[in-house]
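Here the structure is laid out as structure tokens; the discussion comes afterwards.
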2 protein chains.
Amino acid sequence: MSAKPPSTRSDAVRNRKLLLDVAARTFAERGVEASIGEIAQRAGVGKGTVFRHFPTKEDLLAAIMLDLLDELIGTATGLLADDDPVRALRAFMTAGVEAFVRDRAFCDVIGRPSLQSQEVRDAIHRLCEVAEQLTARAREKGAVRPDVTGTDVALMLSGIQHTAAPLLDADPQAWRRYLELAFDGLTAVTGHPLPHPPDRLTL
Amino acid sequence: MSAKPPSTRSDAVRNRKLLLDVAARTFAERGVEASIGEIAQRAGVGKGTVFRHFPTKEDLLAAIMLDLLDELIGTATGLLADDDPVRALRAFMTAGVEAFVRDRAFCDVIGRPSLQSQEVRDAIHRLCEVAEQLTARAREKGAVRPDVTGTDVALMLSGIQHTAAPLLDADPQAWRRYLELAFDGLTAVTGHPLPHPPDRLTL
DNA sequence: TACGAAACGGACCGGCTGGTCAGCTTCACC
DNA sequence: GGTGAAGCTGACCAGCCGGTCCGTTTCGTA
């Protein structure tokens, strides 16, 4: 439970920020398979320096993923103030899919639970909770089907990105098509309930 | 252009079949990251034997992926005989998502074009064509929105699997929920067209 | 400016990977 | 059964990875 005493030395502070920045970009481009060596090289720093700031690769990755998740949670929380629940839900989903499209490592981590630290899992859980609030407002207004949950919405973000993934080079905006399709599915009136409700799944 | 003379020796024929079988199971469980060493060990065979039958790991993977794709294409082609276009399309999508759920390597290869040999790309293209035929029949009947293509349907198979992926352990059938949601989206009546039509994208 | 502590760098380690090869074994055919 | 070709094996190789360690450099302070 002991907190790490934050370094006061200017070079250490500078390098930490630099590393987070470079690592975020590198992971975004190459996914979790990006090597520490490559990150160190891009940052113009020795490998040992990376491991001094982040004891393991997993720690570095988790720090970056937490930043991303927190940003998305912040966006979602802000959208709760929008007085149009449907517009807010659509804006949330747009921001979510965009986050996936921009960052390969984010896709990797969300898709493979074995890459998730406890902190990351907690953040994902928080994201699902905000998603549920956004979804509930639209649901109560009758704008989305009654059996769709916030977890459904959160899960679909990754699904939409993966749907468009093979088209990414040909049309970097193709994900908008599948977001639209998915959104229309959420609002469809069918009369039959969805199978396998995720219930209180702690995602 | 020279074809490989197929071996007539019984042990070679037996080992080839055995390797394809074991490798298919191993790749399905562990994804493309499964090592040749592990496959050889599971098959009770030396590593060199694997490389004798398949010069590179990519060749082995391609052989298995082609089998899978051909099977799916066969299923889809058979469904063209169904006189209910909607039922046929739903059955195709069910079979497709099931293939993804069962096989991690299939997900990996479809999602990462850099893992696809030319033969695999051709097979994917053929799959999209059959998907288009199935989709067109349902479209003409007015059962799916007019702007949905076979490529859309094929792409969504992977997306649906990825949507349910984080739930796989908790509920192995969760993908059925998102298949249903996606299918309802295909049939939704909205009055507004989808953005970014993939047109004649050779997928 | 002098000094001690903290941070840095990169050679190094062990482990794993795809792929090779020389020598041994097994098969098919006579 | 003899024989030669084909198949099999596993030690071996080079390359990459995450992670360690210690000699060297840099920083903050007095």
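Ordering of the structure tokens sets the chain letters (A, B, ...), residue numbers begin anew at 1 in every chain, and ligands are numbered from 1 in the order given.
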Next item on the list: Specify as a PyMOL selection string all residues of chain A found within 9 Å of chain B, counting only C-alpha atoms.
Entry: chain A and resi 110-113+152+154-167+170-171+173-178+180-190+194-198+201+203
Please produce an output containing C-alpha atoms for each residue in the selection, written as a tab-separated table (two decimals), in the first residue's frame.
```tsv
chain	number	residue	atom	x	y	z
A	110	ILE	CA	-10.23	-4.80	-24.26
A	111	GLY	CA	-10.44	-7.95	-26.35
A	112	ARG	CA	-8.08	-10.02	-24.24
A	113	PRO	CA	-8.91	-10.05	-20.50
A	152	ASP	CA	-24.45	-4.11	-24.51
A	154	ALA	CA	-20.08	-0.75	-24.33
A	155	LEU	CA	-19.44	-4.18	-25.84
A	156	MET	CA	-20.69	-3.05	-29.23
A	157	LEU	CA	-18.06	-0.32	-29.45
A	158	SER	CA	-15.34	-2.90	-29.89
A	159	GLY	CA	-17.55	-4.95	-32.21
A	160	ILE	CA	-18.19	-2.00	-34.51
A	161	GLN	CA	-14.50	-1.25	-34.76
A	162	HIS	CA	-13.72	-4.86	-35.63
A	163	THR	CA	-16.46	-4.92	-38.24
A	164	ALA	CA	-14.83	-2.04	-40.09
A	165	ALA	CA	-11.23	-3.07	-39.38
A	166	PRO	CA	-10.59	-4.82	-42.72
A	167	LEU	CA	-11.69	-1.63	-44.51
A	170	ALA	CA	-9.50	1.61	-48.01
A	171	ASP	CA	-11.86	3.90	-46.07
A	173	GLN	CA	-14.23	6.35	-41.91
A	174	ALA	CA	-15.99	3.09	-42.74
A	175	TRP	CA	-16.70	2.50	-39.06
A	176	ARG	CA	-19.32	5.27	-39.25
A	177	ARG	CA	-21.38	3.05	-41.53
A	178	TYR	CA	-21.45	0.21	-39.03
A	180	GLU	CA	-25.08	3.81	-37.93
A	181	LEU	CA	-26.24	0.26	-38.62
A	182	ALA	CA	-25.72	-0.73	-34.99
A	183	PHE	CA	-27.44	2.38	-33.71
A	184	ASP	CA	-30.45	1.68	-35.91
A	185	GLY	CA	-30.49	-1.83	-34.47
A	186	LEU	CA	-30.63	-0.43	-30.94
A	187	THR	CA	-33.68	1.63	-31.82
A	188	ALA	CA	-35.45	-1.05	-33.88
A	189	VAL	CA	-38.93	-2.09	-32.85
A	190	THR	CA	-39.26	-5.85	-33.18
A	194	LEU	CA	-33.07	-10.36	-27.18
A	195	PRO	CA	-31.72	-13.72	-25.99
A	196	HIS	CA	-29.01	-14.18	-23.35
A	197	PRO	CA	-29.35	-10.97	-21.35
A	198	PRO	CA	-25.98	-10.13	-19.81
A	201	LEU	CA	-22.35	-9.01	-15.69
A	203	LEU	CA	-17.51	-6.47	-17.25
```
Give me the residues of chain B that have any atom at most 10 Å from an atom of chain C; for each, the nearest atom pair and the distance in Å, rounded to one decimal. Use only C-alpha atoms (C1' of nucleotides), sort by chain and number, and format it as a Markdown table.
```
| residue | atom | partner | partner_atom | distance |
| --- | --- | --- | --- | --- |
| B:Thr8 | CA | C:DA28 | C1' | 9.1 |
| B:Arg9 | CA | C:DC27 | C1' | 6.5 |
| B:Ser10 | CA | C:DC27 | C1' | 7.7 |
| B:Asp11 | CA | C:DC27 | C1' | 7.8 |
| B:Ala12 | CA | C:DC27 | C1' | 9.7 |
| B:Ser35 | CA | C:DT17 | C1' | 7.6 |
| B:Ile36 | CA | C:DG18 | C1' | 7.9 |
| B:Gly37 | CA | C:DT17 | C1' | 9.0 |
| B:Lys47 | CA | C:DG19 | C1' | 9.6 |
| B:Gly48 | CA | C:DT20 | C1' | 8.6 |
| B:Phe51 | CA | C:DG19 | C1' | 8.0 |
| B:Pro55 | CA | C:DG19 | C1' | 8.8 |
| B:Thr56 | CA | C:DG19 | C1' | 7.9 |
| B:Lys57 | CA | C:DG18 | C1' | 7.6 |
```
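From CA of Gln116 (chain A) back to CA of Ala62 (chain A), the distance works out to 7.5 Å.
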Next item on the list: Name the residues in contact with region 129-132 of chain A at a cut-off of 8 Å, using only C-alpha atoms (C1' of nucleotides), excluding same-chain residues fewer than 6 positions from it; report them as number ranges by chain.
Entry: A: 73, 76-77, 149-151, 153-154
Can you check which parts of chain D lie within 12 Å of chain B? Per residue, the shortest pair of atoms and distance in Å to one decimal, counting only C-alpha atoms (C1' of nucleotides), sorted by chain and number, as JSON lines.
```
{"residue": "D:DA5", "atom": "C1'", "partner": "B:Arg9", "partner_atom": "CA", "distance": 11.1}
{"residue": "D:DA6", "atom": "C1'", "partner": "B:Arg9", "partner_atom": "CA", "distance": 8.0}
{"residue": "D:DG7", "atom": "C1'", "partner": "B:Ala12", "partner_atom": "CA", "distance": 6.8}
{"residue": "D:DC8", "atom": "C1'", "partner": "B:Thr49", "partner_atom": "CA", "distance": 6.3}
{"residue": "D:DT9", "atom": "C1'", "partner": "B:Gly46", "partner_atom": "CA", "distance": 5.5}
{"residue": "D:DG10", "atom": "C1'", "partner": "B:Gly46", "partner_atom": "CA", "distance": 6.8}
{"residue": "D:DA11", "atom": "C1'", "partner": "B:Gly48", "partner_atom": "CA", "distance": 11.2}
```
Output of the above residues as a PDB file, in the first residue's frame, restricted to N, CA and C atoms (P, O5', C5', C4', C3', O3' and C1' of nucleotides):
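The resulting file, again.pdb, is shown below:
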```
ATOM      1  P    DA D   5      18.356 -43.567 -54.781  1.00  0.00           P
ATOM      2  O5'  DA D   5      16.966 -42.804 -54.784  1.00  0.00           O
ATOM      3  C5'  DA D   5      15.784 -43.507 -55.165  1.00  0.00           C
ATOM      4  C4'  DA D   5      14.666 -43.214 -54.169  1.00  0.00           C
ATOM      5  C3'  DA D   5      14.571 -41.747 -53.729  1.00  0.00           C
ATOM      6  O3'  DA D   5      13.205 -41.375 -53.734  1.00  0.00           O
ATOM      7  C1'  DA D   5      14.656 -43.145 -51.837  1.00  0.00           C
ATOM      8  P    DA D   6      12.755 -39.839 -53.895  1.00  0.00           P
ATOM      9  O5'  DA D   6      11.752 -39.669 -52.688  1.00  0.00           O
ATOM     10  C5'  DA D   6      10.764 -40.652 -52.422  1.00  0.00           C
ATOM     11  C4'  DA D   6      10.448 -40.681 -50.938  1.00  0.00           C
ATOM     12  C3'  DA D   6      10.260 -39.288 -50.321  1.00  0.00           C
ATOM     13  O3'  DA D   6       8.941 -39.185 -49.849  1.00  0.00           O
ATOM     14  C1'  DA D   6      11.654 -40.687 -48.962  1.00  0.00           C
ATOM     15  P    DG D   7       8.469 -37.967 -48.935  1.00  0.00           P
ATOM     16  O5'  DG D   7       8.792 -38.537 -47.483  1.00  0.00           O
ATOM     17  C5'  DG D   7       8.262 -39.803 -47.092  1.00  0.00           C
ATOM     18  C4'  DG D   7       8.493 -40.007 -45.601  1.00  0.00           C
ATOM     19  C3'  DG D   7       8.161 -38.793 -44.741  1.00  0.00           C
ATOM     20  O3'  DG D   7       7.501 -39.257 -43.568  1.00  0.00           O
ATOM     21  C1'  DG D   7      10.396 -39.428 -44.383  1.00  0.00           C
ATOM     22  P    DC D   8       7.054 -38.269 -42.425  1.00  0.00           P
ATOM     23  O5'  DC D   8       8.202 -38.474 -41.345  1.00  0.00           O
ATOM     24  C5'  DC D   8       8.329 -39.744 -40.716  1.00  0.00           C
ATOM     25  C4'  DC D   8       9.444 -39.682 -39.691  1.00  0.00           C
ATOM     26  C3'  DC D   8       9.280 -38.558 -38.663  1.00  0.00           C
ATOM     27  O3'  DC D   8       9.266 -39.121 -37.371  1.00  0.00           O
ATOM     28  C1'  DC D   8      11.471 -38.559 -39.609  1.00  0.00           C
ATOM     29  P    DT D   9       8.893 -38.201 -36.094  1.00  0.00           P
ATOM     30  O5'  DT D   9      10.304 -37.828 -35.521  1.00  0.00           O
ATOM     31  C5'  DT D   9      11.248 -38.860 -35.208  1.00  0.00           C
ATOM     32  C4'  DT D   9      12.586 -38.242 -34.861  1.00  0.00           C
ATOM     33  C3'  DT D   9      12.512 -37.083 -33.865  1.00  0.00           C
ATOM     34  O3'  DT D   9      13.202 -37.469 -32.692  1.00  0.00           O
ATOM     35  C1'  DT D   9      13.959 -36.581 -35.692  1.00  0.00           C
ATOM     36  P    DG D  10      12.702 -36.910 -31.264  1.00  0.00           P
ATOM     37  O5'  DG D  10      13.908 -35.984 -30.833  1.00  0.00           O
ATOM     38  C5'  DG D  10      15.250 -36.428 -31.027  1.00  0.00           C
ATOM     39  C4'  DG D  10      16.171 -35.233 -31.191  1.00  0.00           C
ATOM     40  C3'  DG D  10      15.878 -34.051 -30.265  1.00  0.00           C
ATOM     41  O3'  DG D  10      17.125 -33.420 -29.952  1.00  0.00           O
ATOM     42  C1'  DG D  10      15.798 -33.309 -32.452  1.00  0.00           C
ATOM     43  P    DA D  11      17.551 -33.175 -28.462  1.00  0.00           P
ATOM     44  O5'  DA D  11      19.071 -32.713 -28.638  1.00  0.00           O
ATOM     45  C5'  DA D  11      19.970 -33.501 -29.418  1.00  0.00           C
ATOM     46  C4'  DA D  11      20.770 -32.623 -30.380  1.00  0.00           C
ATOM     47  C3'  DA D  11      21.290 -31.313 -29.766  1.00  0.00           C
ATOM     48  O3'  DA D  11      22.610 -31.078 -30.261  1.00  0.00           O
ATOM     49  C1'  DA D  11      19.939 -30.812 -31.645  1.00  0.00           C
TER      50       DA D  11
END
```
Next item on the list: Please provide the set of residues having any atom within 10 Å of region 118-122 of chain B, restricted to only C-alpha atoms (C1' of nucleotides), with same-chain residues fewer than 4 positions apart removed, written as a PyMOL selection string.
Entry: chain B and resi 61-67+69-70+109-110+113+126-128+202-203
